[in-house]
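Notes to accompany the following structure.
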Amino acid sequence: MKPLLTICCTVFNQDKYIKETLDGFLMQQTNFPIEIIIHDDASTDNTVEIIKEYAAKDSRIVTILQTENQYSQNVDPWASFVFPAAKGKYLALCEGDDYWTDPLKLQKQVDFLEKNMDFELCFHNSKKYFQNNGEFEINTASSDIPDVTTAIDLVDYNFIATPTVVMRNNFILAPWFNSLPISDWPLFFIQVGNGKIKKLEEYMAVYRIHEKGVWTAKSKIEKMQTDHDTIKALINHRILPELAHKKLDQKFRKLKRKLRKQKIKRFFNIN
């Protein structure tokens with residue numbers, strides 16, 4: 001039977017966390033069939049062995065196991081491997097160091113999208129887990145966001161945590177998507193378009209913060225440069241609705257000024 005939803009999981013050297021991630025997938029209780037696509041980007045630890053162990057026990061798990069790292073070659077796993085293989089009407093996202101905590105998460109989100117065709121994406125609140133001290137905290141990036149938003153609101157910042165997303169599988173990513181320094185925020189713009197975004201109030205996922213996280217490891221100026229390069233590509237390719245595009249252009253101009261000041265301060269070693 002064709003799956004109604006595809007869980008899309010990208011993994012690299014996450015053998016410490018991947019079991020918790022996979023257990024969160026397998027505990028989901030749905031009245032519809034699902035498939036689970038796991039893309040491993042040539043991990044050098046025991047991640048692949050764990051994935052194979054789980055796949056041998058559950059036929060819903062589809063593995064894409066790279067022998068050469070794709071990320072280092074500017075190949076985006078979502079765009080090039082995972083999404084093209086997904087059969088589901090809906091896509092749920094989760095990286096290999098995050099995890100889900102509610103067995104009805106997928107059912108709740110799909111139920112909403114099935115009944116509300118004017119919404120393109122459904123996400124929910126989440127918690128952060130700090131691996132170094134074992135503490136949790138509310139992810140305030142989304143907790144203060146209204147329950148209905150659009151791409152215009154998303155311009156302010158990415159308030160959607162990746163492991164909270166269920167979205168319609170109704171979009172195509174152009175080749176230039178592979179060159180973006182980050183993928184999630186641009187993906188949400190492309191997928192949502194002129195549609196609406198729904199936030200559920202429940203806390204049903206955990207976003208793990210640790211020293212090997214791609215974003216966490218960046219310095220302040222590196223994060224600003226990443227935002228700059230990402231926004232520049234979005235503006236150049238004009239993929240946002242007109243009002244959102246204008247707002248993003250204003251954000252880009254301000255960011256360029258801030259980045260210029262930061263580079264000057266660092267050059268002269270000004271604290």
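Within each chain, counting starts at residue 1; across the structure tokens, chains are named A, B, ... in the order shown, with ligands numbered 1 upward in that order.
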
Can you tell me, as a list of chain:residue names, which residues in stretch 50-112 of chain A count as helix (DSSP H, G or I) by DSSP?
A:Ile50, A:Ile51, A:Lys52, A:Glu53, A:Tyr54, A:Ala55, A:Ala56, A:Lys57, A:Tyr71, A:Ser72, A:Gln73, A:Pro77, A:Trp78, A:Ala79, A:Ser80, A:Phe81, A:Val82, A:Phe83, A:Pro84, A:Ala85, A:Lys105, A:Leu106, A:Gln107, A:Lys108, A:Gln109, A:Val110, A:Asp111, A:Phe112

Counting only C-alpha atoms, what are the residues of stretch 36-115 of chain A within 7 Å of stretch 4-22 of chain A, and for each of them which pair of atoms is the nearest and at what distance in Å, to one decimal? Sort the table by chain and rising number, as CSV.
residue,atom,partner,partner_atom,distance
A:Ile36,CA,A:Ile7,CA,4.6
A:Ile37,CA,A:Cys8,CA,5.2
A:Ile38,CA,A:Cys9,CA,4.9
A:His39,CA,A:Thr10,CA,4.8
A:Asp40,CA,A:Val11,CA,4.7
A:Asp41,CA,A:Phe12,CA,5.4
A:Ala42,CA,A:Phe12,CA,6.9
A:Ser43,CA,A:Asn13,CA,4.8
A:Thr44,CA,A:Asn13,CA,6.3
A:Asp45,CA,A:Asn13,CA,5.6
A:Asn46,CA,A:Asp15,CA,5.5
A:Thr47,CA,A:Asp15,CA,4.3
A:Val82,CA,A:Cys8,CA,6.6
A:Ala86,CA,A:Thr6,CA,5.9
A:Lys87,CA,A:Thr6,CA,6.6
A:Gly88,CA,A:Leu5,CA,4.2
A:Lys89,CA,A:Leu4,CA,5.2
A:Tyr90,CA,A:Leu5,CA,4.6
A:Leu91,CA,A:Thr6,CA,5.0
A:Ala92,CA,A:Ile7,CA,4.7
A:Leu93,CA,A:Cys8,CA,5.0
A:Cys94,CA,A:Cys9,CA,5.1
A:Glu95,CA,A:Thr10,CA,5.1
A:Gly96,CA,A:Val11,CA,4.8
A:Asp97,CA,A:Tyr17,CA,5.1
A:Asp98,CA,A:Thr21,CA,6.0
A:Tyr99,CA,A:Thr21,CA,4.5
A:Trp100,CA,A:Thr21,CA,7.0

Could you pull out all residues of stretch 87-195 of chain A with a DSSP call of strand (DSSP E or B) and give them as a PyMOL selection string?
chain A and resi 90-95+99-100+119-130+135-138+148-149+166-168

With only C-alpha atoms as the counted atoms, please give the residues lying no more than 10 Å from A:Pro146, apart from itself and same-chain residues fewer than 6 positions off, as a compact mmCIF listing (two decimals) with N, CA, C and O atoms, in the first residue's frame.
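Output below, filename around00.txt:
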# COMPACT_ATOMS: atom_id res chain seq x y z
N ASP A 153 5.61 36.33 7.67
CA ASP A 153 6.06 36.21 9.06
C ASP A 153 7.39 35.46 9.14
O ASP A 153 8.25 35.79 9.96
N ILE A 197 0.61 28.66 7.20
CA ILE A 197 1.35 27.77 8.10
C ILE A 197 0.57 27.64 9.39
O ILE A 197 0.13 28.63 9.97
N LYS A 198 0.42 26.41 9.87
CA LYS A 198 -0.31 26.16 11.11
C LYS A 198 0.65 25.70 12.20
O LYS A 198 1.48 24.81 11.97
N LYS A 199 0.52 26.29 13.39
CA LYS A 199 1.27 25.82 14.55
C LYS A 199 0.34 25.14 15.53
O LYS A 199 -0.69 25.71 15.92
N LEU A 200 0.67 23.91 15.92
CA LEU A 200 -0.03 23.23 17.00
C LEU A 200 0.68 23.55 18.31
O LEU A 200 1.91 23.64 18.35
N GLU A 201 -0.06 23.72 19.37
CA GLU A 201 0.52 24.17 20.64
C GLU A 201 1.28 23.07 21.38
O GLU A 201 2.09 23.35 22.25

A:Ser143: which residues within 9 Å, counting only C-alpha atoms, same-chain residues fewer than 2 positions away excluded, as a VMD selection string?
chain A and resid 124 to 126 138 to 141 145 to 146 159 201

Within 10 Å of A:Pro175 using only C-alpha atoms, minus same-chain residues under 3 positions, as a PyMOL selection string
chain A and resi 75-76+79-80+172+178-179
